[in-house]
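One structure below.
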There are 2 protein chains.
Amino acid sequence: MSRRATVYDVAERAGVSIATVSRVLRQPDAVRPVTRERVLDAVAALGYVPSGSARGLAERRTGVLGLYFPGFDASEDAPELDVLGEGQASAPTFTVADDPEGGPYPAMLFLDEVLRGAEVEAWKQGFVLMIGVGRDDPGRETVRDIAGRVDGLMVLAQSVPDDVLARLSQRIPVVVLSGAPRGDTYDHVSVDNAAAMAELTRTVLAEADAGRVVFLAGPADSPDGAQRWDGFSAAVEAAGIAAERVTVLRGDFTRASGRRAAEDMITAGVPAAVIAANDQMALGVIDAFRTAGIGVPQDVLVTGFDGIEAAALSRPALTTVRQPMIDLGRAAVQLLARRLERPDADPMSVRLPLQIVLRESSRRPD
Amino acid sequence: MSRRATVYDVAERAGVSIATVSRVLRQPDAVRPVTRERVLDAVAALGYVPSGSARGLAERRTGVLGLYFPGFDASEDAPELDVLGEGQASAPTFTVADDPEGGPYPAMLFLDEVLRGAEVEAWKQGFVLMIGVGRDDPGRETVRDIAGRVDGLMVLAQSVPDDVLARLSQRIPVVVLSGAPRGDTYDHVSVDNAAAMAELTRTVLAEADAGRVVFLAGPADSPDGAQRWDGFSAAVEAAGIAAERVTVLRGDFTRASGRRAAEDMITAGVPAAVIAANDQMALGVIDAFRTAGIGVPQDVLVTGFDGIEAAALSRPALTTVRQPMIDLGRAAVQLLARRLERPDADPMSVRLPLQIVLRESSRRPD
DNA sequence: TTGAAAGCGCTAACAT
DNA sequence: ATGTTAGCGCTTTCAA
């Protein structure tokens with residue numbers, strides 16, 4: 001890996017100018033076949049790979065789309081992994097075990113699916129994807145760093161403060177994912193959290209006494225969480241119960257916080273139904289109830305929100321509202337691609353449909 | 001979004017030179033506080049975001065790691081999604097349904113988990129990740145494109161031909177994931193497919209007649225698939241059966257191909273056990289057997305390989321060999337980070353342990 | 001069809 | 001502490 005080959009090296013070796021080298025790579029037909037071959041040979045011989053930075057600088061575009069999100073839920077305390085350490089050679093290449101309960105990592109979650117969608121669509125459209133995960137940087141370096149390297153940026157709602165977002169969008173198109181629309185400065189893809197939660201709540205209230213329902217809320221600063229509360233409280237009020245009278249517990253969207261909340265409920269008296277602001281917490285609730293010997297749905301109904309995979313596969317299967325996560329990612333890419341083509345088009349807001357999925361956990365046995 | 005602000009604009013507005021602007025951003029302490037403030041004000045006022053291309057060119061490094069993989073399994077025929085079309089406004093914001101069977105997209109698969117691992121580790125180490133998914137490009141443009149934009153590249157085994165890989169590694173460090181080690185030119189992270197498959201096979205042979213076992217192989221060009229076959233055949237021979245006598249069916253790692261293979265088996269006579277080269281195919285086999293009223297594990301044992309999530313959650317739960325997918329991704333990033341620090345270190349090969357997970361599908365009922 | 005030369009926007013010596 | 005300047009490696013007019 002001596003010194004990296006550049007256009008100059010290739011040009012010299014092929015006996016042509018750097019302009020010709022560039023042409024061979026960009027518009028091969030503009031070069032005489034003989035010349036082209038000579039250049040291609042030199043390219044191969046030198047292992048020449050064009051510098052993306054130089055090209056990006058000269059072309060003033062990169063062909064890369066950025067996706068930025070806040071940070072990892074539980075993965076922040078991912079276990080240490082040190083493959084570079086000693087003692088590798090002596091380790092066994094496999095072990096045998098009876099089905100171990102859950103590994104050290106969480107299952108596929110919201111972000112993974114959004115990412116998958118973005119990948120698929122970027123791939124279809126011929127873009128490359130750059131992924132940045134926020135760290136606790138005061139100066140918001142990471143997101144700016146990414147913004148400087150891409151043609152367009154997708155950000156998860158609330159992962160970036162408004163002022164930073166405003167500045168970034170001065171440089172490149174920005175698409176905001178989910179959450180409440182933020183004015184109409186940016187392109188936006190969202191879902192109708194409130195409407196779906198209201199409907200889901202109505203369904204539950206058909207089976208459970210509105211006065212004995214507990215709402216398990218998300219973190220106070222989550223816009224999605226807030227919208228879900230809005231939908232819930234609207235439905236409860238419509239059923240003739242003041243929202244203030246409902247028991248509200250607050251979690252942080254993690255499974256563990258759901259377990260804790262359920263333990264509190266057990267202490268205070270098991271409710272008729274628990275409506276959680278996301279699946280993870282709902283699953284935690286079910287965990288804790290099971291441990292305590294309380295049956296779902298026999299003794300208490302439970303619902304979630306998001307539609308992660310684990311919700312479909314839990315026992316009992318969890319009633320939830322499925323977000324079109326993959327399509328959210330895809331839509332964001334489409335919006336970005338569109339704006340890159342037509343920079344001056346009006347900001348567009350796309351609202352994707354949610355799907356309420358009724359399953360065992362909310363269906364009182366006959 | 002007039003013209004993008006550059007260092008020159010900022011410098012002019014702040015009444016300083018471009019060098020000072022650059023300093024304020026790179027080494028703030030080297031600038032007098034008053035000056036720094038002036039510059040920062042100008043930055044904010046102009047919405048200045050440094051160009052990653054220019055910076056990368058000048059610094060000769062980007063801080064980005066690349067991850068390249070072949071293409072999407074089944075997602076190539078992902079359904080059309082057109083969010084930009086008409087009629088959006090009138091669409092309902094949600095729908096209600098009883099638990100729908102499987103959506104249009106596959107569950108979280110091998111690649112998704114590897115990706116997650118890479119993300120986590122890149123995040124920990126302060127790198128940004130660039131993801132490229134291969135298209136059927138003759139000139140291998142995509143991977144070269146990525147290689148030109150990153151400081152180091154991770155590729156999935158067999159997703160890139162040897163000659164291309166060799167060329168790329170002339171420019172930047174390359175880490176190859178999984179599969180058989182390719183000489184010792186690159187850093188490498190792999191697993192011992194053969195040993196684990198041999199052990200798994202032995203376990204199955206303890207319950208099923210070796211003469212009545214079917215091996216469901218992967219595509220002929222998969223090195224992982226080949227290694228799994230090696231392990232299987234070794235175990236079978238050790239049991240006193242010539243490998244040639246074993247019935248071998250070939251699939252392409254998809255669930256559908258597993259279903260087809262099972263249908264063939266049903267026609268030819270249901271075997272005592274099916275050992276599949278990956279989980280997807282094993283799940284397909286179970287699908288088809290269930291449809292035909294053949295019980296797993298009562299009538300036939302089935303095992304997979306990979307340890308994807310769906311394997312743990314299927315009915316019956318699938319015996320498999322769990323790959324440390326997340327750790328594979330993390331290890332690759334660690335290897336890359338190490339090499340960027342010490343470019344001349346000897347190529348390193350890390351072998352991660354597999355875990356054989358015995359579950360219902362291979363456990364003959366008492 | 002090919003070459004010469006002027007940027008693209010930034011960093012990092014080197015001067016001051 | 002700040003300014004000047006020479007690249008970094010490529011694309012793209014404009015000429016020849």
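Letters A, B, ... go to the chains of the structure tokens in the order shown; residues in each chain start at 1; ligands are counted from 1 in the same order.
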Could you give me, as CSV, a per-residue list for chain C showing, wherever an atom lies at most 8 Å from an atom of chain B, the closest pair of atoms and their distance in Å to one decimal, using only C-alpha atoms (C1' of nucleotides) and sorting by chain then residue number from low to high?
```
residue,atom,partner,partner_atom,distance
C:DC8,C1',B:Ala54,CA,7.8
C:DG9,C1',B:Ala54,CA,5.0
C:DC10,C1',B:Ala54,CA,4.8
C:DT11,C1',B:Ala58,CA,5.4
```
Set the cut-off to 6 Å and count only C-alpha atoms: what are the residues of chain A that reach chain B? Output as an mmCIF file with N, CA and C atoms, in the first residue's frame.
```cif
data_model
loop_
_atom_site.group_PDB
_atom_site.id
_atom_site.type_symbol
_atom_site.label_atom_id
_atom_site.label_comp_id
_atom_site.auth_asym_id
_atom_site.auth_seq_id
_atom_site.Cartn_x
_atom_site.Cartn_y
_atom_site.Cartn_z
ATOM 1 N N MET A 1 0.831 -1.211 0.000
ATOM 2 C CA MET A 1 0.000 0.000 0.000
ATOM 3 C C MET A 1 0.864 1.257 0.000
ATOM 4 N N ARG A 4 -1.117 6.054 -2.567
ATOM 5 C CA ARG A 4 -2.295 5.817 -3.369
ATOM 6 C C ARG A 4 -2.129 6.368 -4.776
ATOM 7 N N GLY A 47 -4.054 -0.253 -9.589
ATOM 8 C CA GLY A 47 -5.071 -0.407 -8.545
ATOM 9 C C GLY A 47 -5.681 0.939 -8.230
ATOM 10 N N VAL A 49 -8.223 3.745 -7.585
ATOM 11 C CA VAL A 49 -9.597 3.961 -7.152
ATOM 12 C C VAL A 49 -9.784 5.463 -6.972
ATOM 13 N N PRO A 50 -10.708 6.047 -7.703
ATOM 14 C CA PRO A 50 -10.888 7.507 -7.641
ATOM 15 C C PRO A 50 -11.240 7.956 -6.228
ATOM 16 N N SER A 51 -10.744 9.096 -5.861
ATOM 17 C CA SER A 51 -11.052 9.638 -4.543
ATOM 18 C C SER A 51 -12.439 10.257 -4.517
ATOM 19 N N GLY A 52 -13.249 9.744 -3.644
ATOM 20 C CA GLY A 52 -14.602 10.269 -3.521
ATOM 21 C C GLY A 52 -14.597 11.721 -3.067
ATOM 22 N N SER A 53 -13.666 12.057 -2.233
ATOM 23 C CA SER A 53 -13.604 13.428 -1.744
ATOM 24 C C SER A 53 -13.305 14.397 -2.884
ATOM 25 N N ALA A 54 -12.314 14.050 -3.657
ATOM 26 C CA ALA A 54 -11.935 14.937 -4.754
ATOM 27 C C ALA A 54 -13.074 15.044 -5.762
ATOM 28 N N GLY A 56 -16.229 14.514 -5.208
ATOM 29 C CA GLY A 56 -17.337 15.232 -4.595
ATOM 30 C C GLY A 56 -17.092 16.732 -4.609
ATOM 31 N N LEU A 57 -15.873 17.086 -4.377
ATOM 32 C CA LEU A 57 -15.543 18.507 -4.356
ATOM 33 C C LEU A 57 -15.704 19.126 -5.740
ATOM 34 N N THR A 93 -14.373 -23.180 19.192
ATOM 35 C CA THR A 93 -15.014 -22.542 18.053
ATOM 36 C C THR A 93 -16.524 -22.632 18.136
ATOM 37 N N PHE A 94 -17.017 -23.450 19.078
ATOM 38 C CA PHE A 94 -18.464 -23.455 19.269
ATOM 39 C C PHE A 94 -18.823 -23.964 20.656
ATOM 40 N N THR A 95 -20.026 -23.698 21.065
ATOM 41 C CA THR A 95 -20.528 -24.217 22.329
ATOM 42 C C THR A 95 -21.916 -24.790 22.066
ATOM 43 N N VAL A 96 -22.408 -25.562 23.010
ATOM 44 C CA VAL A 96 -23.729 -26.154 22.853
ATOM 45 C C VAL A 96 -24.607 -25.714 24.012
ATOM 46 N N ALA A 97 -25.839 -25.393 23.710
ATOM 47 C CA ALA A 97 -26.708 -24.958 24.801
ATOM 48 C C ALA A 97 -28.156 -25.236 24.479
ATOM 49 N N ASP A 98 -28.923 -25.469 25.517
ATOM 50 C CA ASP A 98 -30.357 -25.500 25.315
ATOM 51 C C ASP A 98 -30.791 -24.065 25.131
ATOM 52 N N ASP A 99 -31.860 -23.916 24.436
ATOM 53 C CA ASP A 99 -32.364 -22.592 24.102
ATOM 54 C C ASP A 99 -32.147 -21.549 25.206
ATOM 55 N N VAL A 128 -26.063 5.791 -2.186
ATOM 56 C CA VAL A 128 -25.400 5.111 -1.093
ATOM 57 C C VAL A 128 -25.891 5.799 0.171
ATOM 58 N N LEU A 129 -25.916 5.051 1.262
ATOM 59 C CA LEU A 129 -26.464 5.595 2.499
ATOM 60 C C LEU A 129 -25.355 5.823 3.521
ATOM 61 N N MET A 130 -25.411 6.970 4.177
ATOM 62 C CA MET A 130 -24.457 7.195 5.260
ATOM 63 C C MET A 130 -25.233 7.295 6.561
ATOM 64 N N ILE A 131 -24.791 6.528 7.531
ATOM 65 C CA ILE A 131 -25.526 6.463 8.776
ATOM 66 C C ILE A 131 -24.738 7.026 9.922
ATOM 67 N N GLY A 132 -25.319 7.979 10.596
ATOM 68 C CA GLY A 132 -24.648 8.534 11.758
ATOM 69 C C GLY A 132 -25.523 8.370 12.970
ATOM 70 N N GLY A 148 -22.349 17.637 6.054
ATOM 71 C CA GLY A 148 -21.339 18.153 5.137
ATOM 72 C C GLY A 148 -20.923 17.159 4.077
ATOM 73 N N ARG A 149 -21.293 15.910 4.274
ATOM 74 C CA ARG A 149 -20.818 14.864 3.367
ATOM 75 C C ARG A 149 -21.870 14.309 2.440
ATOM 76 N N ARG A 167 -30.377 25.393 10.314
ATOM 77 C CA ARG A 167 -29.106 25.734 9.687
ATOM 78 C C ARG A 167 -28.720 24.714 8.626
ATOM 79 N N GLN A 170 -30.234 24.910 5.309
ATOM 80 C CA GLN A 170 -29.756 25.973 4.428
ATOM 81 C C GLN A 170 -28.767 25.416 3.424
ATOM 82 N N ARG A 171 -28.146 24.312 3.799
ATOM 83 C CA ARG A 171 -27.113 23.753 2.937
ATOM 84 C C ARG A 171 -27.635 22.619 2.074
ATOM 85 N N ASP A 192 -50.368 9.205 11.827
ATOM 86 C CA ASP A 192 -51.389 9.821 12.665
ATOM 87 C C ASP A 192 -51.528 9.066 13.993
ATOM 88 N N PRO A 353 -50.270 5.457 6.490
ATOM 89 C CA PRO A 353 -51.328 4.859 7.311
ATOM 90 C C PRO A 353 -50.782 3.894 8.362
ATOM 91 N N LEU A 354 -51.408 3.911 9.515
ATOM 92 C CA LEU A 354 -51.082 2.961 10.573
ATOM 93 C C LEU A 354 -52.051 1.794 10.479
ATOM 94 N N GLN A 355 -51.682 0.700 11.087
ATOM 95 C CA GLN A 355 -52.587 -0.438 11.076
ATOM 96 C C GLN A 355 -52.788 -0.976 12.487
ATOM 97 N N ILE A 356 -54.009 -0.924 12.927
ATOM 98 C CA ILE A 356 -54.310 -1.460 14.247
ATOM 99 C C ILE A 356 -54.408 -2.970 14.133
ATOM 100 N N VAL A 357 -53.625 -3.653 14.913
ATOM 101 C CA VAL A 357 -53.578 -5.106 14.814
ATOM 102 C C VAL A 357 -54.105 -5.724 16.104
ATOM 103 N N LEU A 358 -55.289 -6.331 15.990
ATOM 104 C CA LEU A 358 -55.933 -6.905 17.173
ATOM 105 C C LEU A 358 -55.458 -8.333 17.389
ATOM 106 N N ARG A 359 -54.875 -8.561 18.552
ATOM 107 C CA ARG A 359 -54.389 -9.909 18.824
ATOM 108 C C ARG A 359 -54.843 -10.379 20.198
#
```
Here CA of Asp366 (chain A) and CA of Arg212 (chain A) stand apart by 19.8 Å
Between A:Ala210, A:Val114, A:Ala226, A:Ala262, which one has atoms that come closest to Ala242 (chain A), using only C-alpha atoms?
A:Ala210
Please determine the contact residues of chain D with respect to chain B at a cut-off of 9 Å, counting only C-alpha atoms (C1' of nucleotides), and supply them as an NGL selection string.
:D and (1-3 or 7-9)
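For the pair CA of Val302 (chain A) and CA of Ala273 (chain A), the interatomic distance is 5.7 Å.
Running DSSP on the backbone gives strand (DSSP E) for these residues within region 154-312 of chain B: Met154, Val155, Leu156, Val174, Val175, Val176, Leu177, Asp187, His188, Val189, Ser190, Val191, Val213, Val214, Phe215, Leu216, Ala217, Thr247, Val248, Leu249, Arg250, Ala273, Val274, Ile275, Ala276, Leu301, Val302 and Thr303 of chain B.
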So how many Å separate CA of Thr185 (chain B) and CA of Leu40 (chain A), to one decimal?
24.4 Å
Go through region 33-250 of chain A and collect every residue that DSSP, computed from the backbone, puts in alpha helix (DSSP H); the answer should be as an MDAnalysis selection string.
chainID A and resid 33:46 52:59 110:125 141:147 162:171 193:205 223:238
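Near DT13 (chain D), within 12 Å and counting only C-alpha atoms (C1' of nucleotides), sit Ala19 of chain A; DA4, DA5, DA6 and DG7 of chain C, not including residues fewer than 5 positions from it in the same chain.
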